[in-house]
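Shown next, in structure tokens, is the structure this report addresses.
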Amino acid sequence: MEPSKEQKEIIESSEKFIQVIAAAGSGKTFTMIRLAEKIFHSKQFKESEILLITFSRKAAEELRERLEKAIGSSSIRIHTFHAFCLKMINSFHPDLKQKIQILTPEEKEEILKEFYKSKRDLIGGIPYELLQSKTNLLSETYFPGLSGEAEMYYRDFKRENHRLDFDDLVSVFLDGLKKNEAWSLKAKKEIRLIIVDEFQDTDPVQLEWLQLMGPEKLIVVGDDWQAIYGFRGASTEPFLNFNKIFTPCKRYFLTANHRSVSEIVQISAFPIHKNKKNIPKTVVASRKEKGNVLCTRIKELRDWQSLILEVQSRDAVILCRTNYRIRTLIKIGFPADKIFTIHASKGLEYSTVYLDLYGGWTSEEESDPEEERRILYVGLSRARDNLFILGPPELSSGREQEFYKYFIKKYKDLEFPTFLNESKKN
């Protein structure tokens, strides 16, 4: 596969600070691999001086496999932020090396659940995951100070049990850099070039770490339209302001969507244009095939039962807002292997997507409305050929109704039998 004109400009770029703003389905990973391949062959940096950072172990493994196939070498460092910091602490830290006991996210969740159980008379039946969000507007609105108490409880547990979690690893490294500690400077000296994938998911601590690492060359790749990890503490600000933080910076755009047909590309972007904080871009589909977008409201149990048969007969998935919503759909008969949260689907694609706007979306009091629109965008943009939007039975107030109204302004609000006939026709 030959790179496009947009991709070729990025691959041939030579600036010190580079920001790649890559639309969904625009060949971001392909471009990153070709860019890393070009840098590798230029011999400007030794392989061990190059660090490629991503945000999940799965993505790191995929990049490692593809890059090794492209360049015939596995010596370029490819890690998550946390894995790299752990490696450096284990190698250089005078007190912690080879001694760290890590608390997993699952263990942290269980520890915090114990705290919230002790507050059950206060919080009632509110799900723990809502109260544990780092950007939890609901907790601060109705239970001011509760999230601070939870963090204190968790910090005390770590201290008493001599444990660290993944976020602590970046903080320990960052603290060493701030204080110019010898061990952190040794680690810093090893890296001259950093490439960060999914940079829109960076949090303020990771951003400061990058600034203090001060690499000779820094390349970040991502899409602020797909920034959906506010609950982990991530912020769009590092991505939106990268060209002001790291100067002089050259911005490049990948705007050709090679995944979805034109109709899906157009409708996916609609909710994003209602956000005030984003980097404007016009995304264009490179595919010329005809696609389908249909909308219907689920009003009766028999509608769900008909939909179960429809989903089973297609190469299709249902995307939902929450795990709780998934459990509800499984209880009424949907196959578990056909249902995912939108967060779990990020980075993936499917021929046909049924997007669930029936329930599970958070209210204004519980979350950032701009992030909810970005989550909606990610869900819509997973579809390659067919996008079927499932709405609530009544259109009154609420996030689901607000979102569904976006689409029925352009597409018919089909009755359920008609919707099935139309979807089979298409």
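Residue names in the structure tokens use chain letters A, B, ... in the order shown, residue numbers from 1 in each chain, and ligand numbers from 1 in the order shown.
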Leu294 of chain A surroundings by only C-alpha atoms, 12 Å radius, close-in-sequence under 2 positions cut, as an NGL selection string: :A and (263-264 or 267 or 291-292 or 296-297 or 352-355 or 385-391 or 404 or 407-408 or 410-416 or 418-426)
Store the residues picked out above in a file with N, CA and C atoms, as an mmCIF file, in the first residue's frame.
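Result written to out03.cif:
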data_model
loop_
_atom_site.group_PDB
_atom_site.id
_atom_site.type_symbol
_atom_site.label_atom_id
_atom_site.label_comp_id
_atom_site.auth_asym_id
_atom_site.auth_seq_id
_atom_site.Cartn_x
_atom_site.Cartn_y
_atom_site.Cartn_z
ATOM 1 N N GLU A 263 -21.816 8.640 3.650
ATOM 2 C CA GLU A 263 -22.970 9.003 4.481
ATOM 3 C C GLU A 263 -22.648 8.833 5.971
ATOM 4 N N ILE A 264 -21.920 7.782 6.309
ATOM 5 C CA ILE A 264 -21.553 7.540 7.704
ATOM 6 C C ILE A 264 -20.517 8.555 8.163
ATOM 7 N N ILE A 267 -22.503 11.887 8.892
ATOM 8 C CA ILE A 267 -23.372 11.891 10.070
ATOM 9 C C ILE A 267 -22.566 11.726 11.347
ATOM 10 N N GLY A 291 -23.763 3.700 1.147
ATOM 11 C CA GLY A 291 -23.963 3.185 2.495
ATOM 12 C C GLY A 291 -25.375 3.432 2.984
ATOM 13 N N ASN A 292 -25.634 3.028 4.211
ATOM 14 C CA ASN A 292 -26.977 3.145 4.765
ATOM 15 C C ASN A 292 -26.947 3.688 6.181
ATOM 16 N N THR A 296 -34.583 4.329 14.162
ATOM 17 C CA THR A 296 -35.861 3.843 14.666
ATOM 18 C C THR A 296 -35.894 3.972 16.178
ATOM 19 N N ARG A 297 -37.113 4.044 16.717
ATOM 20 C CA ARG A 297 -37.278 4.038 18.168
ATOM 21 C C ARG A 297 -37.814 2.677 18.611
ATOM 22 N N THR A 352 -21.416 -3.462 10.140
ATOM 23 C CA THR A 352 -22.706 -2.890 10.531
ATOM 24 C C THR A 352 -22.705 -2.595 12.025
ATOM 25 N N VAL A 353 -23.123 -1.397 12.389
ATOM 26 C CA VAL A 353 -23.216 -0.994 13.798
ATOM 27 C C VAL A 353 -24.655 -0.589 14.109
ATOM 28 N N TYR A 354 -25.190 -1.169 15.182
ATOM 29 C CA TYR A 354 -26.442 -0.697 15.776
ATOM 30 C C TYR A 354 -26.039 0.135 16.988
ATOM 31 N N LEU A 355 -26.269 1.431 16.932
ATOM 32 C CA LEU A 355 -25.875 2.318 18.029
ATOM 33 C C LEU A 355 -27.053 2.529 18.966
ATOM 34 N N ASP A 385 -20.144 0.198 6.691
ATOM 35 C CA ASP A 385 -21.121 0.152 5.601
ATOM 36 C C ASP A 385 -22.535 0.537 6.022
ATOM 37 N N ASN A 386 -22.949 0.120 7.222
ATOM 38 C CA ASN A 386 -24.324 0.346 7.672
ATOM 39 C C ASN A 386 -24.325 0.858 9.104
ATOM 40 N N LEU A 387 -25.128 1.889 9.339
ATOM 41 C CA LEU A 387 -25.246 2.473 10.671
ATOM 42 C C LEU A 387 -26.725 2.568 11.013
ATOM 43 N N PHE A 388 -27.143 1.822 12.023
ATOM 44 C CA PHE A 388 -28.540 1.793 12.438
ATOM 45 C C PHE A 388 -28.636 2.371 13.848
ATOM 46 N N ILE A 389 -29.387 3.460 13.985
ATOM 47 C CA ILE A 389 -29.457 4.203 15.246
ATOM 48 C C ILE A 389 -30.758 3.879 15.960
ATOM 49 N N LEU A 390 -30.632 3.368 17.182
ATOM 50 C CA LEU A 390 -31.782 2.916 17.967
ATOM 51 C C LEU A 390 -32.117 3.959 19.025
ATOM 52 N N GLY A 391 -33.287 4.554 18.932
ATOM 53 C CA GLY A 391 -33.656 5.634 19.824
ATOM 54 C C GLY A 391 -34.616 5.223 20.922
ATOM 55 N N TYR A 404 -30.700 11.561 19.683
ATOM 56 C CA TYR A 404 -31.522 10.952 18.639
ATOM 57 C C TYR A 404 -32.129 12.031 17.733
ATOM 58 N N PHE A 407 -30.304 13.097 14.574
ATOM 59 C CA PHE A 407 -30.304 12.276 13.374
ATOM 60 C C PHE A 407 -31.627 12.297 12.637
ATOM 61 N N ILE A 408 -32.735 12.410 13.381
ATOM 62 C CA ILE A 408 -34.031 12.379 12.680
ATOM 63 C C ILE A 408 -34.333 13.719 12.004
ATOM 64 N N LYS A 410 -32.331 14.683 9.744
ATOM 65 C CA LYS A 410 -31.884 14.364 8.385
ATOM 66 C C LYS A 410 -32.465 13.054 7.880
ATOM 67 N N TYR A 411 -32.658 12.081 8.787
ATOM 68 C CA TYR A 411 -33.137 10.756 8.392
ATOM 69 C C TYR A 411 -34.517 10.496 8.965
ATOM 70 N N LYS A 412 -35.278 9.659 8.291
ATOM 71 C CA LYS A 412 -36.635 9.350 8.750
ATOM 72 C C LYS A 412 -36.594 8.618 10.085
ATOM 73 N N ASP A 413 -37.569 8.933 10.922
ATOM 74 C CA ASP A 413 -37.771 8.219 12.184
ATOM 75 C C ASP A 413 -38.709 7.049 11.867
ATOM 76 N N LEU A 414 -38.124 5.909 11.452
ATOM 77 C CA LEU A 414 -38.906 4.791 10.931
ATOM 78 C C LEU A 414 -39.594 4.018 12.049
ATOM 79 N N GLU A 415 -40.820 3.565 11.781
ATOM 80 C CA GLU A 415 -41.473 2.623 12.694
ATOM 81 C C GLU A 415 -40.724 1.292 12.621
ATOM 82 N N PHE A 416 -40.827 0.482 13.687
ATOM 83 C CA PHE A 416 -39.936 -0.671 13.751
ATOM 84 C C PHE A 416 -40.100 -1.673 12.612
ATOM 85 N N THR A 418 -41.071 -1.193 9.600
ATOM 86 C CA THR A 418 -40.520 -0.539 8.413
ATOM 87 C C THR A 418 -38.999 -0.507 8.468
ATOM 88 N N PHE A 419 -38.469 -0.254 9.658
ATOM 89 C CA PHE A 419 -37.014 -0.221 9.860
ATOM 90 C C PHE A 419 -36.385 -1.564 9.487
ATOM 91 N N LEU A 420 -37.006 -2.671 9.919
ATOM 92 C CA LEU A 420 -36.478 -3.997 9.607
ATOM 93 C C LEU A 420 -36.525 -4.265 8.113
ATOM 94 N N ASN A 421 -37.637 -3.898 7.483
ATOM 95 C CA ASN A 421 -37.752 -4.098 6.033
ATOM 96 C C ASN A 421 -36.701 -3.296 5.275
ATOM 97 N N GLU A 422 -36.501 -2.055 5.702
ATOM 98 C CA GLU A 422 -35.510 -1.205 5.051
ATOM 99 C C GLU A 422 -34.087 -1.741 5.264
ATOM 100 N N SER A 423 -33.798 -2.207 6.477
ATOM 101 C CA SER A 423 -32.458 -2.709 6.749
ATOM 102 C C SER A 423 -32.174 -3.988 5.968
ATOM 103 N N LYS A 424 -33.192 -4.831 5.786
ATOM 104 C CA LYS A 424 -32.993 -6.053 4.995
ATOM 105 C C LYS A 424 -32.812 -5.707 3.512
ATOM 106 N N LYS A 425 -33.553 -4.699 3.057
ATOM 107 C CA LYS A 425 -33.445 -4.253 1.670
ATOM 108 C C LYS A 425 -32.034 -3.748 1.386
ATOM 109 N N ASN A 426 -31.418 -3.106 2.436
ATOM 110 C CA ASN A 426 -30.098 -2.517 2.250
ATOM 111 C C ASN A 426 -28.972 -3.469 2.626
#
DSSP says helix (DSSP H, G or I) for which residues of segment 99-284 of chain A? Put them as a ChimeraX atom specification? /A:105-117,120-123,128-132,137-142,146-161,166-178,182-189,199-201,204-213,224-226,230-232,237-240,242-245,262-269,272-274
Based on the backbone DSSP call, show me all residues of segment 247-389 of chain A assigned strand (DSSP E or B), as a PyMOL selection string. chain A and resi 249-254+256-257+284-285+292-297+316-320+339-341+350-356+383-389
Only C-alpha atoms, please: the residues just picked out, written as a tab-separated table (two decimals), in the first residue's frame.
chain	number	residue	atom	x	y	z
A	249	CYS	CA	5.42	23.04	16.03
A	250	LYS	CA	4.22	21.85	12.63
A	251	ARG	CA	0.67	20.52	12.44
A	252	TYR	CA	-0.31	17.90	9.88
A	253	PHE	CA	-3.81	16.57	9.15
A	254	LEU	CA	-5.06	13.16	8.03
A	256	ALA	CA	-9.31	11.10	4.31
A	257	ASN	CA	-11.45	8.41	5.94
A	284	VAL	CA	-13.89	13.20	3.50
A	285	ALA	CA	-14.64	9.56	2.68
A	292	ASN	CA	-26.98	3.14	4.77
A	293	VAL	CA	-28.08	5.13	7.80
A	294	LEU	CA	-31.44	4.29	9.37
A	295	CYS	CA	-33.14	5.46	12.58
A	296	THR	CA	-35.86	3.84	14.67
A	297	ARG	CA	-37.28	4.04	18.17
A	316	ALA	CA	-23.00	-6.66	13.10
A	317	VAL	CA	-22.55	-5.40	16.65
A	318	ILE	CA	-24.52	-3.28	19.09
A	319	LEU	CA	-22.57	-0.45	20.74
A	320	CYS	CA	-23.79	0.82	24.13
A	339	ILE	CA	-22.46	-6.22	22.29
A	340	PHE	CA	-19.68	-3.82	23.32
A	341	THR	CA	-19.37	-0.51	25.08
A	350	TYR	CA	-17.43	-3.24	11.98
A	351	SER	CA	-19.41	-3.66	8.77
A	352	THR	CA	-22.71	-2.89	10.53
A	353	VAL	CA	-23.22	-0.99	13.80
A	354	TYR	CA	-26.44	-0.70	15.78
A	355	LEU	CA	-25.87	2.32	18.03
A	356	ASP	CA	-27.95	2.16	21.20
A	383	ALA	CA	-19.34	1.56	11.14
A	384	ARG	CA	-17.98	0.81	7.68
A	385	ASP	CA	-21.12	0.15	5.60
A	386	ASN	CA	-24.32	0.35	7.67
A	387	LEU	CA	-25.25	2.47	10.67
A	388	PHE	CA	-28.54	1.79	12.44
A	389	ILE	CA	-29.46	4.20	15.25
Within 10 Å of Asn323 of chain A, counting only C-alpha atoms, which residues show up once you throw out same-chain ones fewer than 4 positions away? Write them as a list in words, please.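 That gives Arg327, Thr328, Leu329, Ile339, Phe340, Thr341, Ile342, His343, Ala344 and Gly360 of chain A.
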Store the residues of this selection in a file with N, CA, C and O atoms, as a PDB file, in the first residue's frame.
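File produced: again.pdb:
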ATOM      1  N   ARG A 327     -25.435  -5.434  30.178  1.00  0.00           N
ATOM      2  CA  ARG A 327     -26.026  -6.503  31.003  1.00  0.00           C
ATOM      3  C   ARG A 327     -27.537  -6.561  30.824  1.00  0.00           C
ATOM      4  O   ARG A 327     -28.136  -7.642  30.797  1.00  0.00           O
ATOM      5  N   THR A 328     -28.157  -5.388  30.674  1.00  0.00           N
ATOM      6  CA  THR A 328     -29.610  -5.338  30.462  1.00  0.00           C
ATOM      7  C   THR A 328     -29.988  -6.017  29.146  1.00  0.00           C
ATOM      8  O   THR A 328     -30.949  -6.801  29.088  1.00  0.00           O
ATOM      9  N   LEU A 329     -29.243  -5.746  28.075  1.00  0.00           N
ATOM     10  CA  LEU A 329     -29.551  -6.324  26.764  1.00  0.00           C
ATOM     11  C   LEU A 329     -29.278  -7.826  26.736  1.00  0.00           C
ATOM     12  O   LEU A 329     -30.012  -8.583  26.089  1.00  0.00           O
ATOM     13  N   ILE A 339     -22.202  -7.492  21.604  1.00  0.00           N
ATOM     14  CA  ILE A 339     -22.458  -6.222  22.292  1.00  0.00           C
ATOM     15  C   ILE A 339     -21.178  -5.722  22.948  1.00  0.00           C
ATOM     16  O   ILE A 339     -20.498  -6.462  23.654  1.00  0.00           O
ATOM     17  N   PHE A 340     -20.864  -4.432  22.722  1.00  0.00           N
ATOM     18  CA  PHE A 340     -19.681  -3.821  23.318  1.00  0.00           C
ATOM     19  C   PHE A 340     -20.025  -2.418  23.799  1.00  0.00           C
ATOM     20  O   PHE A 340     -20.947  -1.782  23.283  1.00  0.00           O
ATOM     21  N   THR A 341     -19.274  -1.934  24.777  1.00  0.00           N
ATOM     22  CA  THR A 341     -19.367  -0.508  25.080  1.00  0.00           C
ATOM     23  C   THR A 341     -18.634   0.258  23.978  1.00  0.00           C
ATOM     24  O   THR A 341     -17.758  -0.285  23.296  1.00  0.00           O
ATOM     25  N   ILE A 342     -18.978   1.518  23.821  1.00  0.00           N
ATOM     26  CA  ILE A 342     -18.289   2.351  22.833  1.00  0.00           C
ATOM     27  C   ILE A 342     -16.820   2.478  23.201  1.00  0.00           C
ATOM     28  O   ILE A 342     -15.940   2.444  22.321  1.00  0.00           O
ATOM     29  N   HIS A 343     -16.513   2.589  24.499  1.00  0.00           N
ATOM     30  CA  HIS A 343     -15.115   2.678  24.917  1.00  0.00           C
ATOM     31  C   HIS A 343     -14.332   1.434  24.493  1.00  0.00           C
ATOM     32  O   HIS A 343     -13.190   1.531  24.038  1.00  0.00           O
ATOM     33  N   ALA A 344     -14.942   0.259  24.631  1.00  0.00           N
ATOM     34  CA  ALA A 344     -14.257  -0.986  24.266  1.00  0.00           C
ATOM     35  C   ALA A 344     -14.085  -1.114  22.758  1.00  0.00           C
ATOM     36  O   ALA A 344     -13.197  -1.828  22.288  1.00  0.00           O
ATOM     37  N   GLY A 360     -28.819   4.567  29.137  1.00  0.00           N
ATOM     38  CA  GLY A 360     -27.461   4.434  29.650  1.00  0.00           C
ATOM     39  C   GLY A 360     -26.591   5.666  29.493  1.00  0.00           C
ATOM     40  O   GLY A 360     -25.482   5.707  30.026  1.00  0.00           O
TER      41      GLY A 360
END
From the options A:Gly333, A:Gly347, A:Pro144, A:Gly222, which residue's atoms come nearest to Ile18 of chain A, counting only C-alpha atoms?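 Selected residue with least distance to Ile18 of chain A: A:Gly222.
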With only C-alpha atoms as the counted atoms, please give the residues lying no more than 8 Å from Val205 of chain A, apart from itself and same-chain residues fewer than 4 positions off, as a short mmCIF file (atom, residue, chain, number, x, y, z; two decimals) with N, CA, C and O atoms, in the first residue's frame.
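Output below, filename selection_24.cif:
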data_model
loop_
_atom_site.label_atom_id
_atom_site.label_comp_id
_atom_site.auth_asym_id
_atom_site.auth_seq_id
_atom_site.Cartn_x
_atom_site.Cartn_y
_atom_site.Cartn_z
N VAL A 170 4.32 7.03 36.84
CA VAL A 170 4.64 8.26 36.12
C VAL A 170 4.97 9.37 37.11
O VAL A 170 5.90 10.15 36.89
N SER A 171 4.23 9.43 38.22
CA SER A 171 4.48 10.48 39.22
C SER A 171 5.86 10.35 39.86
O SER A 171 6.53 11.35 40.10
N LEU A 174 8.31 11.51 37.29
CA LEU A 174 8.16 12.96 37.15
C LEU A 174 8.80 13.68 38.32
O LEU A 174 9.51 14.69 38.15
N TRP A 209 5.47 15.24 32.26
CA TRP A 209 6.57 14.28 32.11
C TRP A 209 7.24 14.44 30.75
O TRP A 209 8.46 14.46 30.64
#
For Leu309 of chain A, work out the shell of residues within 12 Å, counting only C-alpha atoms and skipping chain neighbours fewer than 3 positions away, then give it as a ChimeraX atom specification. /A:302-306,312-314,316,333-335,338,420,424
Nearest to Ser4 of chain A among A:Gln19, A:Ser26, A:Thr247, A:Thr282, with distances taken over only C-alpha atoms: which residue is it? A:Ser26
Take atom CA of Phe246 of chain A and atom CA of Lys8 of chain A and report the distance between them in Å, one decimal.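 Separation between atom CA of Phe246 of chain A and atom CA of Lys8 of chain A: 22.9 Å.
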Using only C-alpha atoms, what does the table of segment 168-200 of chain A residues within 12 Å of segment 30-36 of chain A look like, with each row giving the shortest atom pair and its distance in Å to one decimal, sorted by chain and ascending number, as a tab-separated table?
residue	atom	partner	partner_atom	distance
A:Leu193	CA	A:Ala36	CA	10.5
A:Ile194	CA	A:Ala36	CA	10.5
A:Ile195	CA	A:Ala36	CA	8.7
A:Val196	CA	A:Met32	CA	9.7
A:Asp197	CA	A:Met32	CA	8.3
A:Glu198	CA	A:Met32	CA	11.2
Would you list the contacts of Glu151 of chain A as a CSV table (one decimal) with all heavy atoms, in the first residue's frame, taking every protein, DNA or RNA residue within 12 Å and counting only C-alpha atoms, but skipping same-chain residues closer than 2 positions in sequence?
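Final file, out06.csv:
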chain,number,residue,atom,x,y,z
A,108,LYS,N,-7.6,-1.7,42.6
A,108,LYS,CA,-8.0,-0.3,43.1
A,108,LYS,C,-9.5,-0.2,43.2
A,108,LYS,O,-10.0,0.4,44.1
A,108,LYS,CB,-7.4,0.7,42.1
A,108,LYS,CG,-7.8,2.1,42.5
A,108,LYS,CD,-7.2,3.1,41.5
A,108,LYS,CE,-7.7,4.6,41.9
A,108,LYS,NZ,-7.1,5.6,41.0
A,109,GLU,N,-10.2,-0.7,42.2
A,109,GLU,CA,-11.6,-0.7,42.2
A,109,GLU,C,-12.2,-1.4,43.4
A,109,GLU,O,-13.2,-0.8,44.0
A,109,GLU,CB,-12.2,-1.3,40.9
A,109,GLU,CG,-13.7,-1.2,40.7
A,109,GLU,CD,-14.2,-1.7,39.4
A,109,GLU,OE1,-13.4,-1.7,38.4
A,109,GLU,OE2,-15.3,-2.3,39.4
A,111,ILE,N,-10.8,-1.9,46.3
A,111,ILE,CA,-10.4,-1.1,47.5
A,111,ILE,C,-11.4,0.1,47.7
A,111,ILE,O,-11.9,0.4,48.8
A,111,ILE,CB,-9.0,-0.6,47.4
A,111,ILE,CG1,-8.0,-1.7,47.5
A,111,ILE,CG2,-8.7,0.4,48.5
A,111,ILE,CD1,-6.6,-1.4,47.0
A,112,LEU,N,-11.7,0.8,46.5
A,112,LEU,CA,-12.6,1.9,46.6
A,112,LEU,C,-14.0,1.5,46.9
A,112,LEU,O,-14.8,2.2,47.5
A,112,LEU,CB,-12.5,2.7,45.3
A,112,LEU,CG,-11.2,3.6,45.2
A,112,LEU,CD1,-11.1,4.2,43.8
A,112,LEU,CD2,-11.1,4.6,46.2
A,113,LYS,N,-14.4,0.3,46.4
A,113,LYS,CA,-15.7,-0.2,46.6
A,113,LYS,C,-15.9,-0.4,48.1
A,113,LYS,O,-17.0,-0.1,48.7
A,113,LYS,CB,-15.9,-1.5,45.9
A,113,LYS,CG,-16.4,-1.4,44.5
A,113,LYS,CD,-16.7,-2.8,43.9
A,113,LYS,CE,-17.1,-2.7,42.5
A,113,LYS,NZ,-17.4,-4.0,41.8
A,115,PHE,N,-14.6,1.4,50.4
A,115,PHE,CA,-14.8,2.7,51.0
A,115,PHE,C,-16.3,3.2,50.8
A,115,PHE,O,-17.0,3.6,51.7
A,115,PHE,CB,-13.9,3.8,50.4
A,115,PHE,CG,-14.3,5.2,50.7
A,115,PHE,CD1,-14.0,5.7,51.9
A,115,PHE,CD2,-15.0,6.0,49.8
A,115,PHE,CE1,-14.3,7.1,52.2
A,115,PHE,CE2,-15.4,7.3,50.0
A,115,PHE,CZ,-15.0,7.8,51.3
A,116,TYR,N,-16.8,3.0,49.5
A,116,TYR,CA,-18.1,3.4,49.2
A,116,TYR,C,-19.2,2.6,49.9
A,116,TYR,O,-20.3,3.1,50.3
A,116,TYR,CB,-18.4,3.4,47.7
A,116,TYR,CG,-17.6,4.5,47.0
A,116,TYR,CD1,-16.6,4.3,46.1
A,116,TYR,CD2,-17.9,5.9,47.3
A,116,TYR,CE1,-16.0,5.3,45.4
A,116,TYR,CE2,-17.3,6.9,46.7
A,116,TYR,CZ,-16.3,6.6,45.7
A,116,TYR,OH,-15.6,7.6,45.1
A,131,LEU,N,-19.3,7.1,40.9
A,131,LEU,CA,-18.7,7.8,41.9
A,131,LEU,C,-17.2,7.8,41.9
A,131,LEU,O,-16.5,8.7,42.4
A,131,LEU,CB,-19.1,7.2,43.3
A,131,LEU,CG,-20.6,7.4,43.6
A,131,LEU,CD1,-21.0,6.5,44.7
A,131,LEU,CD2,-21.0,8.8,43.9
A,132,GLN,N,-16.6,6.8,41.1
A,132,GLN,CA,-15.1,6.7,41.1
A,132,GLN,C,-14.5,7.5,39.9
A,132,GLN,O,-13.3,7.6,39.8
A,132,GLN,CB,-14.7,5.3,41.0
A,132,GLN,CG,-15.0,4.5,42.2
A,132,GLN,CD,-14.6,3.0,42.0
A,132,GLN,OE1,-13.8,2.6,41.2
A,132,GLN,NE2,-15.2,2.2,42.9
A,133,SER,N,-15.3,8.1,39.0
A,133,SER,CA,-14.8,8.8,37.9
A,133,SER,C,-14.0,10.0,38.4
A,133,SER,O,-14.4,10.7,39.3
A,133,SER,CB,-16.0,9.3,37.0
A,133,SER,OG,-15.5,10.2,36.1
A,134,LYS,N,-12.8,10.2,37.7
A,134,LYS,CA,-12.0,11.4,38.1
A,134,LYS,C,-12.6,12.7,37.8
A,134,LYS,O,-12.2,13.7,38.3
A,134,LYS,CB,-10.6,11.2,37.4
A,134,LYS,CG,-9.7,10.1,38.0
A,134,LYS,CD,-8.3,10.2,37.4
A,134,LYS,CE,-7.4,9.1,38.0
A,134,LYS,NZ,-6.1,9.2,37.5
A,145,GLY,N,-16.9,16.7,48.6
A,145,GLY,CA,-15.9,16.2,49.5
A,145,GLY,C,-15.7,14.7,49.5
A,145,GLY,O,-14.7,14.1,50.0
A,146,LEU,N,-16.7,13.9,49.0
A,146,LEU,CA,-16.7,12.5,49.1
A,146,LEU,C,-15.5,11.9,48.2
A,146,LEU,O,-14.9,11.0,48.7
A,146,LEU,CB,-18.0,11.9,48.6
A,146,LEU,CG,-18.2,10.3,48.7
A,146,LEU,CD1,-18.1,10.0,50.2
A,146,LEU,CD2,-19.5,9.9,48.1
A,147,SER,N,-15.3,12.4,47.0
A,147,SER,CA,-14.3,11.9,46.2
A,147,SER,C,-12.9,12.1,46.8
A,147,SER,O,-12.0,11.3,46.7
A,147,SER,CB,-14.3,12.5,44.8
A,147,SER,OG,-14.2,13.9,44.8
A,148,GLY,N,-12.8,13.3,47.5
A,148,GLY,CA,-11.5,13.5,48.2
A,148,GLY,C,-11.3,12.5,49.3
A,148,GLY,O,-10.1,12.1,49.6
A,149,GLU,N,-12.3,12.2,50.1
A,149,GLU,CA,-12.2,11.2,51.1
A,149,GLU,C,-11.8,9.8,50.6
A,149,GLU,O,-11.0,9.1,51.1
A,149,GLU,CB,-13.6,11.0,51.8
A,149,GLU,CG,-13.9,12.1,52.8
A,149,GLU,CD,-15.2,11.8,53.6
A,149,GLU,OE1,-15.3,10.7,54.2
A,149,GLU,OE2,-16.1,12.6,53.5
A,153,TYR,N,-8.5,7.7,51.5
A,153,TYR,CA,-8.6,6.3,51.9
A,153,TYR,C,-7.7,5.4,51.0
A,153,TYR,O,-7.0,4.5,51.6
A,153,TYR,CB,-10.1,5.8,51.7
A,153,TYR,CG,-10.4,4.4,52.1
A,153,TYR,CD1,-10.7,4.0,53.4
A,153,TYR,CD2,-10.4,3.4,51.1
A,153,TYR,CE1,-11.0,2.7,53.7
A,153,TYR,CE2,-10.6,2.1,51.4
A,153,TYR,CZ,-10.9,1.7,52.7
A,153,TYR,OH,-11.2,0.4,53.0
A,154,TYR,N,-7.7,5.6,49.7
A,154,TYR,CA,-6.9,4.8,48.8
A,154,TYR,C,-5.4,5.1,49.0
A,154,TYR,O,-4.6,4.2,49.1
A,154,TYR,CB,-7.3,5.1,47.4
A,154,TYR,CG,-6.5,4.4,46.3
A,154,TYR,CD1,-6.5,3.0,46.3
A,154,TYR,CD2,-5.8,5.1,45.3
A,154,TYR,CE1,-5.8,2.3,45.4
A,154,TYR,CE2,-5.1,4.4,44.4
A,154,TYR,CZ,-5.1,3.0,44.4
A,154,TYR,OH,-4.4,2.3,43.4
A,155,ARG,N,-5.0,6.4,49.2
A,155,ARG,CA,-3.6,6.7,49.5
A,155,ARG,C,-3.1,6.1,50.8
A,155,ARG,O,-2.0,5.5,50.9
A,155,ARG,CB,-3.4,8.2,49.6
A,155,ARG,CG,-3.4,8.9,48.2
A,155,ARG,CD,-2.8,10.3,48.3
A,155,ARG,NE,-3.5,11.2,49.2
A,155,ARG,CZ,-4.5,12.0,48.9
A,155,ARG,NH1,-4.9,12.0,47.6
A,155,ARG,NH2,-5.1,12.8,49.7
A,156,ASP,N,-4.0,6.1,51.8
A,156,ASP,CA,-3.6,5.5,53.1
A,156,ASP,C,-3.4,4.0,52.9
A,156,ASP,O,-2.4,3.4,53.5
A,156,ASP,CB,-4.7,5.7,54.2
A,156,ASP,CG,-4.7,7.2,54.6
A,156,ASP,OD1,-3.7,7.9,54.4
A,156,ASP,OD2,-5.7,7.6,55.2
A,157,PHE,N,-4.2,3.3,52.1
A,157,PHE,CA,-4.1,1.9,51.9
A,157,PHE,C,-2.7,1.6,51.2
A,157,PHE,O,-2.0,0.7,51.6
A,157,PHE,CB,-5.2,1.4,51.0
A,157,PHE,CG,-5.1,-0.1,50.7
A,157,PHE,CD1,-5.7,-1.0,51.5
A,157,PHE,CD2,-4.4,-0.5,49.6
A,157,PHE,CE1,-5.6,-2.4,51.2
A,157,PHE,CE2,-4.3,-1.9,49.3
A,157,PHE,CZ,-4.9,-2.8,50.1
A,158,LYS,N,-2.4,2.4,50.2
A,158,LYS,CA,-1.1,2.2,49.5
A,158,LYS,C,0.1,2.4,50.5
A,158,LYS,O,1.0,1.6,50.4
A,158,LYS,CB,-1.0,3.1,48.3
A,158,LYS,CG,-1.9,2.8,47.2
A,158,LYS,CD,-1.6,3.6,45.9
A,158,LYS,CE,-1.9,5.0,46.1
A,158,LYS,NZ,-1.7,5.8,44.8
A straight line from atom CA of Gln200 of chain A to atom CA of Pro238 of chain A spans 7.3 Å
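Remark: for Ala59 of chain A, the closest of the candidate residues A:His79, A:Asp368, A:Arg159, A:Ser42 is A:His79 (distances computed over only C-alpha atoms).
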With only C-alpha atoms as the atoms that count, which of A:Ser396, A:Gln401, A:Ser91, A:Thr322 lies nearest to Tyr358 of chain A? A:Gln401
Using only C-alpha atoms, can you tell me which of A:Leu177, A:Leu240, A:Ile102, A:Leu185 comes closest to Lys276 of chain A?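 For Lys276 of chain A, the nearest of the candidates is A:Leu240.
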Neighbour list for Phe239 of chain A as a VMD selection string, cut-off 9 Å, only C-alpha atoms, skip fewer than 4 positions in-chain: chain A and resid 19 199 to 202 220 222 to 224 235 243
